[in-house]
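Q: File model-v9.pdb follows (PDB, C-alpha atoms, pLDDT in the B column):
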ATOM      1  CA  MET B   1      -6.604  -5.671  -3.116  1.00 94.00           C
ATOM      2  CA  VAL B   2      -3.438  -7.729  -2.967  1.00 96.00           C
ATOM      3  CA  THR B   3      -2.120  -9.505   0.092  1.00 97.00           C
ATOM      4  CA  ASP B   4       1.119 -11.461   0.383  1.00 98.00           C
ATOM      5  CA  VAL B   5       4.307 -11.803   2.411  1.00 97.00           C
ATOM      6  CA  LEU B   6       7.187  -9.361   2.056  1.00 95.00           C
ATOM      7  CA  ALA B   7       9.443 -12.173   0.820  1.00 95.00           C
ATOM      8  CA  ASN B   8       7.388 -12.097  -2.404  1.00 96.00           C
ATOM      9  CA  ALA B   9       7.517  -8.302  -2.824  1.00 94.00           C
ATOM     10  CA  SER B  10       9.502  -8.422  -6.069  1.00 93.00           C
ATOM     11  CA  ILE B  11       6.453  -9.915  -7.825  1.00 95.00           C
ATOM     12  CA  TYR B  12       4.561  -6.656  -7.274  1.00 96.00           C
ATOM     13  CA  ALA B  13       7.243  -4.181  -8.392  1.00 92.00           C
ATOM     14  CA  ALA B  14       5.639  -4.130 -11.850  1.00 95.00           C
ATOM     15  CA  LEU B  15       2.538  -2.450 -10.384  1.00 96.00           C
ATOM     16  CA  GLY B  16       4.363   0.873 -10.510  1.00 96.00           C
ATOM     17  CA  PRO B  17       7.557   2.644  -9.454  1.00 97.00           C
ATOM     18  CA  ARG B  18       6.098   4.069  -6.225  1.00 97.00           C
ATOM     19  CA  ILE B  19       4.729   0.691  -5.178  1.00 97.00           C
ATOM     20  CA  ALA B  20       8.131  -0.823  -5.950  1.00 97.00           C
ATOM     21  CA  ARG B  21       9.861   1.876  -3.906  1.00 97.00           C
ATOM     22  CA  GLY B  22       7.454   1.378  -0.997  1.00 98.00           C
ATOM     23  CA  LEU B  23       8.053  -2.377  -0.985  1.00 98.00           C
ATOM     24  CA  GLN B  24      11.806  -1.810  -1.212  1.00 97.00           C
ATOM     25  CA  PHE B  25      11.616   0.542   1.778  1.00 98.00           C
ATOM     26  CA  LEU B  26       9.787  -2.122   3.777  1.00 98.00           C
ATOM     27  CA  ALA B  27      12.333  -4.774   2.835  1.00 96.00           C
ATOM     28  CA  GLU B  28      15.461  -2.696   3.500  1.00 97.00           C
ATOM     29  CA  THR B  29      14.518  -0.658   6.600  1.00 97.00           C
ATOM     30  CA  ASP B  30      14.795  -1.567  10.282  1.00 97.00           C
ATOM     31  CA  LEU B  31      11.057  -1.180  10.841  1.00 98.00           C
ATOM     32  CA  LYS B  32      11.218  -2.242  14.487  1.00 97.00           C
ATOM     33  CA  GLY B  33      13.640   0.609  15.172  1.00 96.00           C
ATOM     34  CA  LEU B  34      11.730   3.236  13.206  1.00 97.00           C
ATOM     35  CA  THR B  35      10.098   5.938  15.324  1.00 98.00           C
ATOM     36  CA  THR B  36       6.325   6.208  15.270  1.00 98.00           C
ATOM     37  CA  GLY B  37       4.798   8.936  13.143  1.00 98.00           C
ATOM     38  CA  ARG B  38       5.294  10.186   9.614  1.00 98.00           C
ATOM     39  CA  HIS B  39       8.434   9.667   7.532  1.00 98.00           C
ATOM     40  CA  GLU B  40       8.802  11.293   4.110  1.00 96.00           C
ATOM     41  CA  LEU B  41      10.176   9.259   1.220  1.00 96.00           C
ATOM     42  CA  ASP B  42       9.138  11.564  -1.629  1.00 96.00           C
ATOM     43  CA  GLY B  43       7.128  14.409  -0.115  1.00 95.00           C
ATOM     44  CA  GLN B  44       3.365  14.097  -0.588  1.00 96.00           C
ATOM     45  CA  ALA B  45       3.856  11.521  -3.354  1.00 97.00           C
ATOM     46  CA  LEU B  46       5.213   8.792  -1.069  1.00 98.00           C
ATOM     47  CA  PHE B  47       5.371   8.749   2.698  1.00 98.00           C
ATOM     48  CA  VAL B  48       5.215   6.316   5.591  1.00 98.00           C
ATOM     49  CA  LEU B  49       3.085   6.255   8.741  1.00 98.00           C
ATOM     50  CA  VAL B  50       4.362   4.093  11.609  1.00 98.00           C
ATOM     51  CA  SER B  51       2.043   3.172  14.473  1.00 98.00           C
ATOM     52  CA  ASP B  52       1.924   0.905  17.513  1.00 98.00           C
ATOM     53  CA  TYR B  53      -1.474  -0.029  18.947  1.00 98.00           C
ATOM     54  CA  VAL B  54      -3.592  -2.700  20.560  1.00 98.00           C
ATOM     55  CA  PRO B  55      -6.157  -3.948  18.026  1.00 98.00           C
ATOM     56  CA  LYS B  56      -9.752  -2.988  18.771  1.00 97.00           C
ATOM     57  CA  PRO B  57     -12.958  -5.034  18.823  1.00 96.00           C
ATOM     58  CA  PRO B  58     -14.933  -5.083  15.559  1.00 93.00           C
ATOM     59  CA  SER B  59     -17.669  -2.975  17.168  1.00 94.00           C
ATOM     60  CA  GLN B  60     -15.166  -0.101  17.393  1.00 96.00           C
ATOM     61  CA  GLY B  61     -13.916  -0.463  13.821  1.00 96.00           C
ATOM     62  CA  LYS B  62     -14.750   1.942  11.006  1.00 96.00           C
ATOM     63  CA  TRP B  63     -14.759   1.377   7.268  1.00 98.00           C
ATOM     64  CA  GLU B  64     -12.594   3.822   5.349  1.00 97.00           C
ATOM     65  CA  ALA B  65     -11.570   4.461   1.765  1.00 97.00           C
ATOM     66  CA  HIS B  66      -9.249   6.905   0.021  1.00 97.00           C
ATOM     67  CA  ARG B  67      -9.306   8.612  -3.379  1.00 97.00           C
ATOM     68  CA  ARG B  68      -5.860  10.144  -3.844  1.00 97.00           C
ATOM     69  CA  TYR B  69      -3.696   7.513  -2.140  1.00 97.00           C
ATOM     70  CA  LEU B  70      -3.167   3.807  -2.333  1.00 97.00           C
ATOM     71  CA  ASP B  71      -2.396   2.113   1.016  1.00 98.00           C
ATOM     72  CA  LEU B  72       0.414  -0.404   1.315  1.00 98.00           C
ATOM     73  CA  GLN B  73      -0.051  -1.717   4.871  1.00 98.00           C
ATOM     74  CA  PHE B  74       2.622  -3.954   6.422  1.00 98.00           C
ATOM     75  CA  VAL B  75       2.425  -5.720   9.784  1.00 98.00           C
ATOM     76  CA  VAL B  76       5.862  -5.538  11.413  1.00 98.00           C
ATOM     77  CA  SER B  77       4.865  -7.386  14.590  1.00 98.00           C
ATOM     78  CA  GLY B  78       1.697  -8.753  16.105  1.00 98.00           C
ATOM     79  CA  VAL B  79      -1.511  -9.974  14.497  1.00 98.00           C
ATOM     80  CA  GLU B  80      -4.625  -8.088  13.391  1.00 98.00           C
ATOM     81  CA  ARG B  81      -7.703  -8.621  11.313  1.00 98.00           C
ATOM     82  CA  ILE B  82      -8.530  -6.200   8.537  1.00 98.00           C
ATOM     83  CA  GLY B  83     -11.898  -5.815   6.904  1.00 97.00           C
ATOM     84  CA  CYS B  84     -12.055  -5.479   3.127  1.00 97.00           C
ATOM     85  CA  SER B  85     -15.036  -4.644   0.973  1.00 96.00           C
ATOM     86  CA  PRO B  86     -15.684  -3.235  -2.482  1.00 94.00           C
ATOM     87  CA  LEU B  87     -16.995   0.320  -2.210  1.00 94.00           C
ATOM     88  CA  ASP B  88     -20.236  -0.569  -3.957  1.00 93.00           C
ATOM     89  CA  ARG B  89     -21.205  -2.892  -1.079  1.00 95.00           C
ATOM     90  CA  LEU B  90     -21.014  -0.058   1.452  1.00 97.00           C
ATOM     91  CA  GLN B  91     -22.785   3.210   2.047  1.00 97.00           C
ATOM     92  CA  ALA B  92     -20.461   6.181   1.939  1.00 94.00           C
ATOM     93  CA  GLY B  93     -20.492   9.245   4.127  1.00 94.00           C
ATOM     94  CA  GLU B  94     -18.949  12.544   3.098  1.00 94.00           C
ATOM     95  CA  TYR B  95     -15.470  12.647   1.641  1.00 96.00           C
ATOM     96  CA  ASP B  96     -12.895  14.746   3.545  1.00 97.00           C
ATOM     97  CA  PRO B  97     -10.448  15.956   0.855  1.00 96.00           C
ATOM     98  CA  GLU B  98      -7.977  17.354   3.402  1.00 95.00           C
ATOM     99  CA  LYS B  99      -7.545  13.918   5.010  1.00 94.00           C
ATOM    100  CA  ASP B 100      -8.320  11.954   1.833  1.00 97.00           C
ATOM    101  CA  ILE B 101     -10.837   9.769   3.640  1.00 97.00           C
ATOM    102  CA  THR B 102     -14.404   8.641   3.297  1.00 97.00           C
ATOM    103  CA  TRP B 103     -16.047   6.856   6.221  1.00 97.00           C
ATOM    104  CA  LEU B 104     -18.460   4.116   5.211  1.00 97.00           C
ATOM    105  CA  SER B 105     -20.884   1.633   6.731  1.00 96.00           C
ATOM    106  CA  GLY B 106     -22.126  -1.808   5.784  1.00 95.00           C
ATOM    107  CA  PRO B 107     -20.915  -5.410   5.488  1.00 91.00           C
ATOM    108  CA  GLY B 108     -17.520  -6.729   4.554  1.00 94.00           C
ATOM    109  CA  ASP B 109     -15.156  -9.652   4.850  1.00 96.00           C
ATOM    110  CA  PHE B 110     -12.184  -9.984   7.177  1.00 97.00           C
ATOM    111  CA  LEU B 111      -8.755 -11.524   6.832  1.00 97.00           C
ATOM    112  CA  THR B 112      -5.947 -11.952   9.316  1.00 98.00           C
ATOM    113  CA  LEU B 113      -2.541 -10.349   8.789  1.00 98.00           C
ATOM    114  CA  SER B 114       0.441 -11.308  10.904  1.00 97.00           C
ATOM    115  CA  ALA B 115       4.067 -10.179  11.035  1.00 97.00           C
ATOM    116  CA  GLY B 116       5.657 -10.174   7.592  1.00 97.00           C
ATOM    117  CA  GLN B 117       2.424  -9.794   5.630  1.00 98.00           C
ATOM    118  CA  PHE B 118       1.275  -6.809   3.594  1.00 98.00           C
ATOM    119  CA  ILE B 119      -1.884  -5.693   1.874  1.00 98.00           C
ATOM    120  CA  ILE B 120      -2.214  -3.250  -1.016  1.00 98.00           C
ATOM    121  CA  LEU B 121      -5.506  -1.352  -1.034  1.00 98.00           C
ATOM    122  CA  TRP B 122      -6.629   0.684  -4.040  1.00 96.00           C
ATOM    123  CA  PRO B 123      -9.264   3.449  -3.899  1.00 93.00           C
ATOM    124  CA  GLY B 124     -11.976   0.905  -4.734  1.00 89.00           C
ATOM    125  CA  ASP B 125     -11.021  -1.157  -1.676  1.00 96.00           C
ATOM    126  CA  ALA B 126     -12.733  -0.026   1.495  1.00 97.00           C
ATOM    127  CA  HIS B 127     -10.967  -1.322   4.582  1.00 98.00           C
ATOM    128  CA  MET B 128     -11.338  -1.565   8.347  1.00 98.00           C
ATOM    129  CA  PRO B 129      -7.843  -1.936   9.830  1.00 98.00           C
ATOM    130  CA  GLY B 130      -6.645  -2.682  13.348  1.00 98.00           C
ATOM    131  CA  ILE B 131      -9.251  -5.241  14.396  1.00 98.00           C
ATOM    132  CA  ASP B 132      -8.600  -7.741  17.190  1.00 97.00           C
ATOM    133  CA  ALA B 133      -7.679 -11.220  15.905  1.00 97.00           C
ATOM    134  CA  GLY B 134      -7.913 -12.894  19.324  1.00 94.00           C
ATOM    135  CA  VAL B 135      -4.155 -12.766  19.821  1.00 92.00           C
ATOM    136  CA  PRO B 136      -3.053 -10.646  22.790  1.00 92.00           C
ATOM    137  CA  GLY B 137      -0.466  -7.915  22.352  1.00 95.00           C
ATOM    138  CA  GLU B 138       0.385  -4.820  20.384  1.00 97.00           C
ATOM    139  CA  VAL B 139       0.654  -4.477  16.644  1.00 98.00           C
ATOM    140  CA  ARG B 140       3.326  -2.445  14.926  1.00 98.00           C
ATOM    141  CA  LYS B 141       2.231  -1.452  11.450  1.00 98.00           C
ATOM    142  CA  VAL B 142       3.809   0.608   8.722  1.00 98.00           C
ATOM    143  CA  VAL B 143       1.486   2.150   6.163  1.00 98.00           C
ATOM    144  CA  VAL B 144       3.078   3.425   2.975  1.00 98.00           C
ATOM    145  CA  LYS B 145       0.855   6.104   1.413  1.00 98.00           C
ATOM    146  CA  ILE B 146       1.321   6.153  -2.351  1.00 98.00           C
ATOM    147  CA  ALA B 147      -0.129   9.021  -4.387  1.00 97.00           C
ATOM    148  CA  LEU B 148      -1.996   7.991  -7.501  1.00 94.00           C
TER     149      LEU B 148
END
Now, as a test, write the supplied structure out as structure tokens.
A:
Amino acid sequence: MVTDVLANASIYAALGPRIARGLQFLAETDLKGLTTGRHELDGQALFVLVSDYVPKPPSQGKWEAHRRYLDLQFVVSGVERIGCSPLDRLQAGEYDPEKDITWLSGPGDFLTLSAGQFIILWPGDAHMPGIDAGVPGEVRKVVVKIAL
């Protein structure tokens, strides 16, 4: 897991060309004007999911992890908490290969992300996104899905 502000994105370009392209997209695109939903950058290899939502209470959160994709999650506006935990601290349910998701249960730690911050989550990083941080209002988030 890596978390930082978009102003420091150039530091992480060395992590790979798709990560670099995803960070460049975030830096150069009018993300507030982008329509919600899926936007293709390079077919199944690199695409973007844009969503607007009100963060939920922790009791409604679910741990998730992916195998085929890395998540680059960027908060455009608002504030949310996101849970993070190594997979080996959680108990995994069945993997859904069509959706590339495993639902998990168990303990984890939480951090707060606000506008301008991103987090990179590898397959070993279980996460629980979209959790209420005690700040009223909607969150706009862009998730760049990067095939491994």
Q: I'd like the residues picked by the PyMOL selection byres ((chain B and resi 109) around 12) written out as a list in words, using the chain letters and numbers from the file.
A: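 Against this file, the PyMOL selection byres ((chain B and resi 109) around 12) returns the residues Pro58, Trp63, Arg81, Ile82, Gly83, Cys84, Ser85, Pro86, Arg89, Leu90, Gly106, Pro107, Gly108, Phe110, Leu111, Thr112, Asp125, Ala126, His127, Met128 and Pro129 of chain B.
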Q: If we count only C-alpha atoms and set the cut-off at 6 Å, which residues sit around Val50 (chain B), ignoring sequence neighbours fewer than 3 positions away in its own chain? Please answer as a PyMOL selection string.
A: chain B and resi 36-37+141-142
Q: Could you list, as a list in words, every residue within 9 Å of Leu6 (chain B), counting only C-alpha atoms and ignoring same-chain residues fewer than 4 positions away?
A: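 Returned residues: Ser10, Leu23, Leu26, Ala27, Phe74, Gly116, Gln117 and Phe118 of chain B.
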Q: Could you state which residues are captured by the PyMOL selection byres ((chain B and resi 49) around 12) in this file, as a list in words?
A: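 Selected by the PyMOL selection byres ((chain B and resi 49) around 12) in this file: Gly22, Leu26, Leu31, Leu34, Thr35, Thr36, Gly37, Arg38, His39, Glu40, Leu41, Leu46, Phe47, Val48, Val50, Ser51, Asp52, Asp71, Leu72, Gln73, Phe74, Arg140, Lys141, Val142, Val143, Val144, Lys145 and Ile146 of chain B.
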Q: Can you tell me which residues surround Ser77 (chain B) at a distance of at most 9 Å, considering all atoms listed in the file, apart from same-chain residues fewer than 2 positions away, and format the answer as a PyMOL selection string?
A: chain B and resi 32+75+79+114-116+138-141
